[in-house]
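**Q** For reference, this is work.cif, and it has mmCIF, C-alpha atoms and all ligand atoms.
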data_model
#
loop_
_atom_site.label_atom_id
_atom_site.label_comp_id
_atom_site.auth_asym_id
_atom_site.auth_seq_id
_atom_site.Cartn_x
_atom_site.Cartn_y
_atom_site.Cartn_z
CA MET A 219 57.59 36.39 11.17
CA LYS A 220 56.83 32.76 10.43
CA HIS A 221 56.14 32.38 6.73
CA ILE A 222 53.65 29.90 5.44
CA ASN A 223 54.95 28.25 2.29
CA LYS A 224 53.14 26.32 -0.36
CA SER A 225 53.64 22.56 -0.48
CA LYS A 226 56.71 21.22 -2.27
CA LYS A 227 54.29 19.14 -4.33
CA LEU A 228 53.36 22.35 -6.14
CA GLU A 229 56.92 23.21 -7.13
CA ASN A 230 56.54 22.13 -10.77
CA VAL A 231 52.84 22.74 -11.04
CA CYS A 232 51.93 25.52 -13.41
CA TYR A 233 48.70 26.73 -15.04
CA ASP A 234 49.54 29.86 -17.00
CA ILE A 235 46.19 30.22 -18.79
CA ARG A 236 45.07 31.94 -15.60
CA GLY A 237 48.56 33.26 -14.78
CA PRO A 238 50.30 36.67 -14.51
CA VAL A 239 49.03 38.05 -17.83
CA MET A 240 45.43 37.40 -16.80
CA GLU A 241 46.14 38.97 -13.41
CA GLN A 242 47.36 42.11 -15.18
CA SER A 243 44.22 42.10 -17.30
CA ALA A 244 42.08 41.86 -14.13
CA ILE A 245 43.89 44.89 -12.69
CA MET A 246 43.29 46.85 -15.89
CA GLU A 247 39.62 45.88 -15.82
CA SER A 248 39.29 46.94 -12.22
CA ASN A 249 40.61 50.33 -13.36
CA GLY A 250 37.72 50.56 -15.78
CA GLU A 251 39.48 49.49 -18.97
CA ASN A 252 37.67 47.26 -21.51
CA ILE A 253 39.71 44.20 -22.43
CA ILE A 254 38.99 41.90 -25.38
CA LYS A 255 39.51 38.50 -23.77
CA LEU A 256 40.72 35.87 -26.20
CA ASN A 257 42.31 33.76 -23.50
CA ILE A 258 39.77 31.22 -22.23
CA GLY A 259 37.57 28.68 -23.99
CA ASN A 260 34.43 29.66 -22.14
CA PRO A 261 31.53 29.96 -24.63
CA ALA A 262 28.75 31.57 -22.50
CA PRO A 263 30.32 35.05 -22.09
CA PHE A 264 30.37 35.28 -25.91
CA ASP A 265 26.60 34.78 -26.11
CA LEU A 266 27.04 31.12 -27.01
CA PHE A 267 24.41 29.86 -24.63
CA ALA A 268 23.23 26.38 -23.68
CA PRO A 269 20.15 24.96 -25.43
CA ASP A 270 16.98 25.83 -23.46
CA GLU A 271 16.10 22.16 -22.94
CA ILE A 272 19.21 21.69 -20.82
CA ILE A 273 18.43 24.59 -18.52
CA HIS A 274 14.85 23.34 -18.30
CA ASP A 275 15.98 19.85 -17.29
CA VAL A 276 18.34 21.07 -14.61
CA ARG A 277 15.68 23.41 -13.26
CA ILE A 278 12.86 20.88 -13.02
CA ASN A 279 15.13 18.32 -11.38
CA LEU A 280 16.56 20.63 -8.73
CA LYS A 281 14.31 19.19 -6.05
CA SER A 282 15.61 15.65 -6.67
CA ALA A 283 19.19 16.89 -6.58
CA GLU A 284 19.37 18.00 -2.97
CA GLY A 285 21.21 14.99 -1.63
CA TYR A 286 24.51 13.29 -2.44
CA CYS A 287 24.23 10.69 -5.18
CA ASP A 288 26.25 7.57 -6.03
CA SER A 289 29.89 8.69 -6.08
CA LYS A 290 30.15 7.84 -9.78
CA GLY A 291 27.00 9.76 -10.70
CA ILE A 292 23.23 9.49 -11.12
CA PHE A 293 21.82 6.49 -12.99
CA PRO A 294 20.06 8.20 -15.95
CA ALA A 295 23.16 10.24 -16.75
CA ARG A 296 25.51 7.27 -16.65
CA LYS A 297 23.09 5.19 -18.69
CA ALA A 298 22.91 7.94 -21.31
CA ILE A 299 26.71 8.11 -21.43
CA MET A 300 26.93 4.34 -21.81
CA GLN A 301 24.45 4.36 -24.70
CA HIS A 302 26.25 7.29 -26.29
CA TYR A 303 29.45 5.23 -26.53
CA GLN A 304 27.62 2.06 -27.54
CA ASN A 305 26.17 4.03 -30.45
CA LYS A 306 29.75 4.75 -31.48
CA ASN A 307 30.48 1.02 -31.46
CA VAL A 308 32.24 0.97 -28.12
CA MET A 309 30.82 -2.23 -26.70
CA ASP A 310 33.11 -3.10 -23.75
CA ILE A 311 31.39 -0.64 -21.45
CA SER A 312 29.07 -0.98 -18.43
CA LEU A 313 27.57 1.54 -16.00
CA ASP A 314 30.35 0.75 -13.57
CA ASP A 315 32.97 2.04 -16.02
CA ILE A 316 31.54 5.57 -16.02
CA TYR A 317 32.54 8.29 -13.55
CA ILE A 318 30.91 11.72 -13.58
CA GLY A 319 32.98 14.63 -12.29
CA ASN A 320 32.93 18.37 -11.64
CA GLY A 321 34.13 18.93 -15.18
CA VAL A 322 36.76 16.88 -16.94
CA SER A 323 39.32 18.81 -14.87
CA GLU A 324 38.52 17.00 -11.64
CA LEU A 325 38.74 13.62 -13.37
CA ILE A 326 42.08 14.41 -15.05
CA THR A 327 43.69 15.09 -11.68
CA MET A 328 41.97 12.06 -10.15
CA SER A 329 43.20 9.75 -12.91
CA MET A 330 46.79 10.85 -12.30
CA GLN A 331 46.59 10.79 -8.50
CA ALA A 332 45.35 7.20 -8.54
CA LEU A 333 48.05 5.97 -10.94
CA LEU A 334 51.39 7.61 -10.37
CA ASP A 335 54.22 6.87 -8.00
CA PHE A 336 57.18 9.18 -7.65
CA GLY A 337 59.14 9.25 -10.92
CA ASP A 338 56.57 7.43 -13.07
CA GLU A 339 56.37 8.93 -16.53
CA ILE A 340 53.40 10.00 -18.63
CA LEU A 341 53.74 11.00 -22.27
CA VAL A 342 52.00 14.34 -22.78
CA PRO A 343 51.77 16.31 -26.03
CA ALA A 344 53.69 19.55 -26.54
CA PRO A 345 51.90 21.86 -26.87
CA ASP A 346 49.27 20.56 -24.44
CA TYR A 347 46.27 21.66 -22.48
CA PRO A 348 48.41 22.46 -19.42
CA LEU A 349 46.20 20.81 -16.83
CA TRP A 350 47.62 17.48 -18.04
CA THR A 351 51.24 18.41 -17.35
CA ALA A 352 50.26 20.05 -14.06
CA SER A 353 48.29 17.00 -12.92
CA VAL A 354 51.14 14.61 -13.68
CA ASN A 355 53.51 16.81 -11.67
CA LEU A 356 51.05 17.20 -8.79
CA ALA A 357 50.69 13.43 -8.58
CA GLY A 358 54.49 13.04 -8.26
CA GLY A 359 54.98 11.81 -11.81
CA ARG A 360 57.16 13.17 -14.59
CA PRO A 361 55.51 14.56 -17.72
CA VAL A 362 57.56 13.62 -20.79
CA HIS A 363 56.53 15.80 -23.70
CA TYR A 364 56.23 14.39 -27.20
CA ILE A 365 56.31 16.84 -30.06
CA CYS A 366 53.35 17.73 -32.21
CA ASP A 367 54.62 18.89 -35.57
CA GLU A 368 53.35 22.19 -36.91
CA GLU A 369 54.66 21.30 -40.38
CA ALA A 370 52.43 18.20 -40.33
CA ASP A 371 49.17 19.91 -39.33
CA TRP A 372 50.25 19.65 -35.69
CA TYR A 373 50.04 15.84 -35.73
CA PRO A 374 51.97 13.98 -33.01
CA ASP A 375 55.41 12.85 -34.17
CA ILE A 376 55.19 9.06 -33.91
CA GLU A 377 58.98 8.56 -33.92
CA ASP A 378 59.33 11.08 -31.11
CA ILE A 379 56.71 9.20 -29.07
CA LYS A 380 58.54 5.91 -29.61
CA SER A 381 61.90 7.40 -28.67
CA LYS A 382 60.54 8.71 -25.37
CA ILE A 383 59.09 5.47 -24.00
CA THR A 384 61.06 4.06 -21.07
CA GLU A 385 60.50 1.39 -18.42
CA LYS A 386 58.84 4.08 -16.30
CA THR A 387 56.24 5.11 -18.90
CA LYS A 388 52.78 4.42 -17.47
CA GLY A 389 50.56 6.12 -20.00
CA ILE A 390 50.09 8.44 -22.96
CA VAL A 391 47.78 11.46 -23.22
CA ILE A 392 46.05 12.20 -26.53
CA ILE A 393 44.08 15.43 -26.86
CA ASN A 394 41.87 15.11 -29.93
CA PRO A 395 40.50 17.47 -31.24
CA ASN A 396 43.36 19.43 -29.82
CA ASN A 397 43.61 22.41 -27.56
CA PRO A 398 45.60 24.60 -28.30
CA THR A 399 46.36 23.71 -31.94
CA GLY A 400 42.89 22.85 -33.30
CA ALA A 401 44.27 19.67 -34.92
CA VAL A 402 41.94 16.71 -35.49
CA TYR A 403 43.82 13.43 -35.88
CA SER A 404 43.14 10.87 -38.57
CA LYS A 405 42.06 7.33 -37.73
CA GLU A 406 45.34 6.05 -39.20
CA LEU A 407 47.41 8.20 -36.85
CA LEU A 408 45.34 7.14 -33.83
CA GLU A 409 45.79 3.50 -34.86
CA GLN A 410 49.55 3.98 -34.81
CA ILE A 411 49.35 5.43 -31.30
CA ALA A 412 47.10 2.57 -30.17
CA LYS A 413 49.66 0.11 -31.55
CA ILE A 414 52.44 1.74 -29.52
CA ALA A 415 50.28 1.61 -26.39
CA HIS A 416 49.55 -2.09 -27.00
CA GLU A 417 53.22 -2.91 -27.56
CA HIS A 418 54.38 -1.14 -24.41
CA LYS A 419 51.33 -1.92 -22.24
CA ILE A 420 50.65 1.68 -21.30
CA VAL A 421 47.32 3.29 -20.42
CA VAL A 422 45.76 5.58 -23.03
CA PHE A 423 44.22 8.82 -21.71
CA ALA A 424 42.01 10.25 -24.47
CA ASP A 425 40.82 13.82 -23.85
CA GLU A 426 37.98 14.18 -26.35
CA ILE A 427 36.14 17.16 -24.88
CA TYR A 428 36.01 18.84 -28.33
CA ASP A 429 34.87 15.77 -30.29
CA LYS A 430 31.60 17.41 -31.39
CA ILE A 431 33.31 20.62 -32.53
CA THR A 432 34.95 19.88 -35.89
CA TYR A 433 34.87 21.77 -39.20
CA ASP A 434 34.95 20.97 -42.93
CA GLY A 435 33.00 17.72 -42.49
CA ILE A 436 35.79 16.08 -40.46
CA VAL A 437 34.60 13.44 -37.98
CA SER A 438 36.65 12.77 -34.87
CA THR A 439 37.46 9.09 -34.19
CA PRO A 440 36.98 7.91 -30.58
CA MET A 441 40.20 6.37 -29.24
CA SER A 442 38.07 3.81 -27.36
CA THR A 443 37.14 2.18 -30.68
CA LEU A 444 40.82 1.46 -31.37
CA VAL A 445 42.31 0.50 -27.99
CA HIS A 446 41.46 -3.02 -26.80
CA ASP A 447 44.53 -4.68 -25.27
CA VAL A 448 45.27 -2.02 -22.66
CA LEU A 449 43.14 0.27 -20.52
CA CYS A 450 41.71 3.31 -22.30
CA ILE A 451 40.23 6.20 -20.33
CA THR A 452 38.17 8.66 -22.35
CA PHE A 453 37.36 12.14 -20.99
CA ASN A 454 34.46 14.24 -22.20
CA GLY A 455 31.85 16.66 -20.92
CA LEU A 456 29.37 19.43 -21.61
CA SER A 457 31.49 22.55 -20.98
CA LYS A 458 32.24 23.15 -24.64
CA SER A 459 29.75 21.28 -26.86
CA HIS A 460 26.76 22.36 -24.73
CA ARG A 461 28.24 25.66 -23.52
CA ILE A 462 27.73 25.00 -19.79
CA ALA A 463 31.31 25.29 -18.53
CA GLY A 464 30.01 26.92 -15.36
CA PHE A 465 27.83 23.94 -14.43
CA ARG A 466 30.98 21.78 -14.08
CA VAL A 467 29.94 18.53 -15.67
CA GLY A 468 32.18 15.96 -17.32
CA TRP A 469 32.83 12.24 -17.29
CA MET A 470 35.46 9.60 -17.81
CA VAL A 471 34.82 6.21 -19.30
CA LEU A 472 36.95 3.09 -18.83
CA THR A 473 37.18 0.71 -21.81
CA GLY A 474 39.68 -1.75 -23.24
CA ASN A 475 41.55 -4.23 -21.06
CA LYS A 476 40.12 -3.47 -17.62
CA MET A 477 41.28 -6.81 -16.20
CA SER A 478 44.87 -5.59 -16.57
CA ALA A 479 44.11 -2.59 -14.35
CA VAL A 480 41.99 -3.98 -11.50
CA ASP A 481 44.19 -2.44 -8.83
CA TYR A 482 44.31 1.00 -10.54
CA ILE A 483 40.51 0.92 -10.93
CA GLU A 484 40.21 0.21 -7.19
CA GLY A 485 42.28 3.37 -6.64
CA LEU A 486 39.99 5.36 -8.94
CA ASN A 487 36.95 4.07 -7.07
CA MET A 488 38.47 5.11 -3.78
CA LEU A 489 39.26 8.65 -4.93
CA SER A 490 35.82 8.91 -6.49
CA SER A 491 34.22 7.92 -3.16
CA MET A 492 36.42 10.29 -1.17
CA ARG A 493 34.99 13.32 -2.99
CA LEU A 494 31.49 11.90 -2.26
CA CYS A 495 30.02 12.80 -5.64
CA SER A 496 30.07 15.57 -8.22
CA ASN A 497 27.61 18.46 -8.43
CA VAL A 498 24.25 16.68 -8.70
CA PRO A 499 21.97 19.31 -10.37
CA ALA A 500 24.31 19.58 -13.35
CA GLN A 501 24.21 15.82 -13.90
CA TYR A 502 20.55 16.18 -14.90
CA ALA A 503 21.73 17.93 -18.06
CA ILE A 504 23.55 14.88 -19.40
CA GLN A 505 20.71 12.66 -20.62
CA THR A 506 19.03 15.45 -22.56
CA ALA A 507 22.33 16.77 -23.88
CA LEU A 508 23.42 13.47 -25.37
CA GLY A 509 20.09 12.52 -26.95
CA GLY A 510 18.82 13.59 -30.36
CA TYR A 511 19.36 17.02 -31.85
CA GLN A 512 22.81 18.53 -31.21
CA SER A 513 22.59 22.32 -31.38
CA ILE A 514 26.39 22.64 -31.70
CA ASN A 515 25.97 21.40 -35.30
CA ASP A 516 24.29 24.68 -36.23
CA LEU A 517 27.40 26.57 -35.15
CA ILE A 518 29.96 24.49 -37.06
CA LYS A 519 28.17 23.79 -40.36
CA PRO A 520 28.46 26.03 -43.46
CA GLY A 521 26.92 29.36 -42.48
CA GLY A 522 27.41 28.58 -38.78
CA ARG A 523 28.87 31.15 -36.44
CA LEU A 524 31.90 29.21 -35.17
CA LEU A 525 32.90 28.16 -38.68
CA ALA A 526 32.70 31.74 -39.94
CA GLN A 527 34.81 32.92 -37.01
CA ARG A 528 37.39 30.16 -37.63
CA ASP A 529 37.63 31.10 -41.32
CA TYR A 530 37.99 34.79 -40.59
CA LEU A 531 40.63 34.30 -37.90
CA TYR A 532 42.68 31.93 -40.01
CA GLU A 533 42.75 34.19 -43.05
CA ARG A 534 43.33 37.36 -41.12
CA LEU A 535 46.18 35.92 -39.01
CA ASN A 536 47.96 34.74 -42.14
CA SER A 537 47.61 38.16 -43.71
CA ILE A 538 49.57 39.83 -40.90
CA GLU A 539 53.28 40.20 -41.53
CA GLY A 540 55.31 38.07 -39.15
CA ILE A 541 52.42 35.76 -38.21
CA SER A 542 51.58 32.38 -39.72
CA CYS A 543 48.91 29.94 -38.64
CA THR A 544 47.85 26.37 -39.38
CA LYS A 545 44.12 26.06 -40.04
CA PRO A 546 42.24 24.75 -36.97
CA LYS A 547 40.11 21.73 -37.90
CA GLY A 548 38.34 21.47 -34.56
CA ALA A 549 37.72 23.14 -31.15
CA PHE A 550 37.83 26.96 -31.04
CA TYR A 551 41.48 27.91 -30.74
CA ALA A 552 44.31 28.82 -33.07
CA PHE A 553 47.99 28.56 -32.16
CA PRO A 554 49.75 31.02 -34.50
CA LYS A 555 53.49 31.31 -34.92
CA ILE A 556 55.27 34.63 -34.44
CA ASP A 557 58.44 35.50 -36.32
CA VAL A 558 60.66 35.90 -33.24
CA GLU A 559 63.65 37.16 -35.24
CA LYS A 560 61.63 39.96 -36.81
CA PHE A 561 60.23 41.17 -33.50
CA GLY A 562 63.26 40.29 -31.32
CA ILE A 563 61.12 38.13 -29.06
CA ASP A 564 62.77 35.88 -26.50
CA ASP A 565 60.06 36.01 -23.83
CA ASP A 566 56.55 35.23 -25.01
CA MET A 567 54.89 36.10 -21.70
CA GLN A 568 56.35 39.58 -22.07
CA PHE A 569 54.97 39.65 -25.62
CA ALA A 570 51.47 38.82 -24.32
CA LEU A 571 51.82 41.43 -21.55
CA ASP A 572 53.05 44.11 -23.96
CA PHE A 573 50.17 43.41 -26.34
CA LEU A 574 47.68 43.53 -23.46
CA GLN A 575 49.02 46.77 -22.06
CA SER A 576 49.30 48.47 -25.39
CA LYS A 577 46.13 47.24 -27.13
CA LYS A 578 43.88 45.81 -24.40
CA VAL A 579 43.65 42.37 -25.97
CA LEU A 580 44.34 39.28 -23.86
CA VAL A 581 45.93 36.17 -25.42
CA VAL A 582 47.96 33.36 -23.82
CA GLN A 583 51.65 32.85 -24.53
CA GLY A 584 52.64 29.53 -26.14
CA THR A 585 54.99 28.50 -23.33
CA GLY A 586 51.86 28.37 -21.14
CA PHE A 587 51.01 25.22 -23.11
CA ASN A 588 54.37 23.58 -22.46
CA TRP A 589 55.64 24.64 -25.86
CA LYS A 590 59.34 25.24 -25.24
CA LYS A 591 60.08 28.05 -27.71
CA PRO A 592 58.75 31.62 -27.25
CA ASP A 593 57.33 31.67 -30.78
CA HIS A 594 53.59 30.98 -30.44
CA PHE A 595 50.49 32.25 -28.71
CA ARG A 596 46.96 30.92 -28.37
CA ILE A 597 43.93 32.86 -29.45
CA VAL A 598 40.29 31.90 -28.88
CA PHE A 599 37.85 32.43 -31.75
CA LEU A 600 34.62 32.53 -29.73
CA PRO A 601 33.87 36.28 -30.13
CA VAL A 602 31.59 37.48 -32.93
CA LEU A 603 33.25 38.59 -36.17
CA GLU A 604 33.11 42.27 -35.33
CA GLU A 605 34.99 41.80 -32.07
CA LEU A 606 37.48 39.41 -33.66
CA LYS A 607 38.10 42.00 -36.36
CA THR A 608 38.79 44.68 -33.76
CA ALA A 609 41.19 42.36 -31.94
CA LEU A 610 43.07 41.50 -35.12
CA ASP A 611 43.19 45.13 -36.27
CA ARG A 612 44.83 45.86 -32.95
CA LEU A 613 47.29 42.97 -33.32
CA GLU A 614 48.27 44.12 -36.78
CA ASP A 615 48.71 47.64 -35.55
CA PHE A 616 50.71 46.52 -32.51
CA LEU A 617 53.12 44.45 -34.59
CA LYS A 618 53.84 47.33 -36.99
CA GLU A 619 55.90 48.96 -34.26
CA TYR A 620 56.80 46.08 -31.92
CA LYS A 621 60.40 45.22 -31.05
CA GLN A 622 61.04 43.37 -27.81
CA LYS A 623 64.84 43.51 -27.90
N1 LIG B 1 40.50 19.23 -21.59
C1 LIG B 1 40.72 20.18 -22.50
C2 LIG B 1 41.50 19.83 -23.72
C3 LIG B 1 40.24 21.48 -22.29
O1 LIG B 1 40.48 22.41 -23.22
C4 LIG B 1 39.51 21.77 -21.12
C5 LIG B 1 39.04 23.16 -20.86
O2 LIG B 1 39.40 24.10 -21.50
C6 LIG B 1 39.30 20.75 -20.20
C7 LIG B 1 39.80 19.49 -20.47
C8 LIG B 1 38.55 20.98 -18.92
O3 LIG B 1 37.19 21.04 -19.14
P1 LIG B 1 36.09 21.00 -17.99
O4 LIG B 1 35.34 22.29 -18.09
O5 LIG B 1 35.22 19.81 -18.31
O6 LIG B 1 36.78 20.83 -16.68
#
Show the structure stored in the file as structure tokens.
Ligand code: PLP
**A**
Amino acid sequence: MKHINKSKKLENVCYDIRGPVMEQSAIMESNGENIIKLNIGNPAPFDLFAPDEIIHDVRINLKSAEGYCDSKGIFPARKAIMQHYQNKNVMDISLDDIYIGNGVSELITMSMQALLDFGDEILVPAPDYPLWTASVNLAGGRPVHYICDEEADWYPDIEDIKSKITEKTKGIVIINPNNPTGAVYSKELLEQIAKIAHEHKIVVFADEIYDKITYDGIVSTPMSTLVHDVLCITFNGLSKSHRIAGFRVGWMVLTGNKMSAVDYIEGLNMLSSMRLCSNVPAQYAIQTALGGYQSINDLIKPGGRLLAQRDYLYERLNSIEGISCTKPKGAFYAFPKIDVEKFGIDDDMQFALDFLQSKKVLVVQGTGFNWKKPDHFRIVFLPVLEELKTALDRLEDFLKEYKQK
């Protein structure tokens, strides 16, 4: 029999958030079991719905959304995005610098495909949101991971970044607020990263999809306000802040020294044209979403649902023997540490599988986020308190008996 193999380009491409553990969970569900799913940052299934005005806008504009639009996106949406950044004091921005995509995901892969030649290096955080590492690999580049330091609130280790820059380094990825750690970086730290990018003339890729989801009064600083001498590409969208992950709507914005990247921008324009345009109905949500009242604020302020869930998860995790966790300052994930000695763990995917099979709770192993040691897992705090409590009761119970080796 002639076997059909996958492309060699996919050899190092990996996206474990939807990997074998999730497949096992799907099998269990198809057998009628109820699984508590703490594996994906998808707000709507947890009754965190989009504001009505957004649904209304998409609905009433459906008729105008039947045809393809400009490959970079519809005018009112791009204008609203431009004004949104201008209001944050990002002035070097025109309509032409804005690309709307089928979620940030499409634009992440596009930005890597247009840039990288075989062997080019991109600095990516460890742990990371794994689409970044996967997209670098898919584009023929080499992801070089810089360490984020758990002891320092999961901040990037500046010396580690510096030590990993080579002649082949083309860019650096910053995920802020961070998935999976929940870290929110200070302006001072971002300034240091901008300085490194300026010195080495590398592109800054700023994934800021969680910038509106921060706790304890912390405000996230846009990287585009700090990077001027090199190209800065900022990624953002409505999947998380406006809870419409299923609509697939995101954007990227080019700022900073665009003259230094004319050829790369030509490549981006070509790839953008090749996919014709992104989903048009969803683009009608953007103008309304970015203007005026931001309903996400009600969820993150004192008394808000997401804040209460963050507080509960953080305290409860730290009360479980063998687990410790840094407090998430943004997004809706925690990345707790497991005492691997105590539980004899040397394979964290097996840990996640064992927990799933024994207690019907789905989490993602830390190595799925390009974290090299088997000593972490990621947990989503979107479920209501009652469900979170059940999940954590089960984790505590599971760990009372657990020994992997
Ligand atoms: N970037 C980060 C850090 C994410 O966590 C996610 C989704 O979880 C994405 C990008 C992709 O988002 P989108 O739904 O816009 O494709």
**Q** Using all atoms listed in the file, find the one residue out of A:Phe599, A:Trp469, A:Phe561, A:Phe423 that sits nearest to ligand LIG 1 (chain B).
**A** A:Trp469
**Q** So how many Å separate atom CA of A:Val558 and atom CA of A:Phe573, to one decimal?
**A** 14.6 Å
**Q** Could the residues that lie within 9 Å of ligand LIG 1 (chain B), counting only C-alpha atoms and all ligand atoms, be listed as a PyMOL selection string?
**A** chain A and resi 258-260+319-326+346-350+393-398+425-428+453-458+462-469+549
**Q** Within 9 Å of (58.3, 16.0, -17.7) (file coordinates; only C-alpha atoms), which protein or nucleic acid residues are there? I'd like them as a tab-separated table (two decimals) with C-alpha atoms, in the coordinates of the input.
**A**
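As written to disk, point_38.tsv reads:
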chain	number	residue	atom	x	y	z
A	339	GLU	CA	56.37	8.93	-16.53
A	340	ILE	CA	53.40	10.00	-18.63
A	341	LEU	CA	53.74	11.00	-22.27
A	342	VAL	CA	52.00	14.34	-22.78
A	351	THR	CA	51.24	18.41	-17.35
A	354	VAL	CA	51.14	14.61	-13.68
A	355	ASN	CA	53.51	16.81	-11.67
A	359	GLY	CA	54.98	11.81	-11.81
A	360	ARG	CA	57.16	13.17	-14.59
A	361	PRO	CA	55.51	14.56	-17.72
A	362	VAL	CA	57.56	13.62	-20.79
A	363	HIS	CA	56.53	15.80	-23.70
**Q** Kindly give the distance, in Å, that separates atom CA of A:Lys220 and atom CA of A:Gly237, rounded to a single decimal.
**A**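 Separation of atom CA of A:Lys220 and atom CA of A:Gly237: 26.5 Å.
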**Q** Excluding stretch 497-503 of chain A and residues on its chain fewer than 2 positions from it, collect all residues at most 12 Å away from it, counting only C-alpha atoms, and give them as a VMD selection string.
**A** chain A and resid 268 to 299 317 to 321 324 455 to 457 460 to 469 493 to 495 505 to 509
**Q** Write the residues you've just listed into a file as an mmCIF file, in the frame of the given file, and include C-alpha atoms for each of them.
**A**
data_model
loop_
_atom_site.group_PDB
_atom_site.id
_atom_site.type_symbol
_atom_site.label_atom_id
_atom_site.label_comp_id
_atom_site.auth_asym_id
_atom_site.auth_seq_id
_atom_site.Cartn_x
_atom_site.Cartn_y
_atom_site.Cartn_z
ATOM 1 C CA ALA A 268 23.230 26.380 -23.680
ATOM 2 C CA PRO A 269 20.150 24.960 -25.430
ATOM 3 C CA ASP A 270 16.980 25.830 -23.460
ATOM 4 C CA GLU A 271 16.100 22.160 -22.940
ATOM 5 C CA ILE A 272 19.210 21.690 -20.820
ATOM 6 C CA ILE A 273 18.430 24.590 -18.520
ATOM 7 C CA HIS A 274 14.850 23.340 -18.300
ATOM 8 C CA ASP A 275 15.980 19.850 -17.290
ATOM 9 C CA VAL A 276 18.340 21.070 -14.610
ATOM 10 C CA ARG A 277 15.680 23.410 -13.260
ATOM 11 C CA ILE A 278 12.860 20.880 -13.020
ATOM 12 C CA ASN A 279 15.130 18.320 -11.380
ATOM 13 C CA LEU A 280 16.560 20.630 -8.730
ATOM 14 C CA LYS A 281 14.310 19.190 -6.050
ATOM 15 C CA SER A 282 15.610 15.650 -6.670
ATOM 16 C CA ALA A 283 19.190 16.890 -6.580
ATOM 17 C CA GLU A 284 19.370 18.000 -2.970
ATOM 18 C CA GLY A 285 21.210 14.990 -1.630
ATOM 19 C CA TYR A 286 24.510 13.290 -2.440
ATOM 20 C CA CYS A 287 24.230 10.690 -5.180
ATOM 21 C CA ASP A 288 26.250 7.570 -6.030
ATOM 22 C CA SER A 289 29.890 8.690 -6.080
ATOM 23 C CA LYS A 290 30.150 7.840 -9.780
ATOM 24 C CA GLY A 291 27.000 9.760 -10.700
ATOM 25 C CA ILE A 292 23.230 9.490 -11.120
ATOM 26 C CA PHE A 293 21.820 6.490 -12.990
ATOM 27 C CA PRO A 294 20.060 8.200 -15.950
ATOM 28 C CA ALA A 295 23.160 10.240 -16.750
ATOM 29 C CA ARG A 296 25.510 7.270 -16.650
ATOM 30 C CA LYS A 297 23.090 5.190 -18.690
ATOM 31 C CA ALA A 298 22.910 7.940 -21.310
ATOM 32 C CA ILE A 299 26.710 8.110 -21.430
ATOM 33 C CA TYR A 317 32.540 8.290 -13.550
ATOM 34 C CA ILE A 318 30.910 11.720 -13.580
ATOM 35 C CA GLY A 319 32.980 14.630 -12.290
ATOM 36 C CA ASN A 320 32.930 18.370 -11.640
ATOM 37 C CA GLY A 321 34.130 18.930 -15.180
ATOM 38 C CA GLU A 324 38.520 17.000 -11.640
ATOM 39 C CA GLY A 455 31.850 16.660 -20.920
ATOM 40 C CA LEU A 456 29.370 19.430 -21.610
ATOM 41 C CA SER A 457 31.490 22.550 -20.980
ATOM 42 C CA HIS A 460 26.760 22.360 -24.730
ATOM 43 C CA ARG A 461 28.240 25.660 -23.520
ATOM 44 C CA ILE A 462 27.730 25.000 -19.790
ATOM 45 C CA ALA A 463 31.310 25.290 -18.530
ATOM 46 C CA GLY A 464 30.010 26.920 -15.360
ATOM 47 C CA PHE A 465 27.830 23.940 -14.430
ATOM 48 C CA ARG A 466 30.980 21.780 -14.080
ATOM 49 C CA VAL A 467 29.940 18.530 -15.670
ATOM 50 C CA GLY A 468 32.180 15.960 -17.320
ATOM 51 C CA TRP A 469 32.830 12.240 -17.290
ATOM 52 C CA ARG A 493 34.990 13.320 -2.990
ATOM 53 C CA LEU A 494 31.490 11.900 -2.260
ATOM 54 C CA CYS A 495 30.020 12.800 -5.640
ATOM 55 C CA GLN A 505 20.710 12.660 -20.620
ATOM 56 C CA THR A 506 19.030 15.450 -22.560
ATOM 57 C CA ALA A 507 22.330 16.770 -23.880
ATOM 58 C CA LEU A 508 23.420 13.470 -25.370
ATOM 59 C CA GLY A 509 20.090 12.520 -26.950
#
**Q** Any idea what's packed within 8 Å of stretch 308-310 of chain A, counting all atoms listed in the file, ignoring anything in its chain fewer than 6 positions away? Could you give it as a ChimeraX atom specification?
**A** /A:442-443,473-474
**Q** Those same residues - C-alpha atoms - I'd like them written as a PDB file, in the frame of the given file.
**A**
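The result, stored in again-v9.pdb:
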ATOM      1  CA  SER A 442      38.070   3.810 -27.360  1.00  0.00           C
ATOM      2  CA  THR A 443      37.140   2.180 -30.680  1.00  0.00           C
ATOM      3  CA  THR A 473      37.180   0.710 -21.810  1.00  0.00           C
ATOM      4  CA  GLY A 474      39.680  -1.750 -23.240  1.00  0.00           C
TER       5      GLY A 474
END
**Q** If you count all atoms listed in the file, which residues fall within 12 Å of A:Thr608, apart from same-chain ones fewer than 3 positions away, as a list in words?
**A**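 Contacts, in chain order: Ile253, Ile254, Lys255, Leu256, Leu531, Arg534, Lys577, Lys578, Val579, Pro601, Val602, Leu603, Glu604, Glu605, Asp611, Arg612, Leu613, Glu614 and Asp615 of chain A.
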**Q** Excluding A:Pro546 and residues on its chain fewer than 2 positions from it, collect all residues at most 7 Å away from it, counting all atoms listed in the file, and give them as a list in words.
**A**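 Skipping anything fewer than 2 positions along the chain leaves Thr399, Gly400, Ala401, Thr544, Gly548 and Ala552 of chain A.
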**Q** So the first atom is atom CA of A:Asp529 and the second is atom CA of A:Trp589; what is the distance between them in Å, to one decimal place?
**A**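 Computing it gives 24.6 Å between the two atoms.
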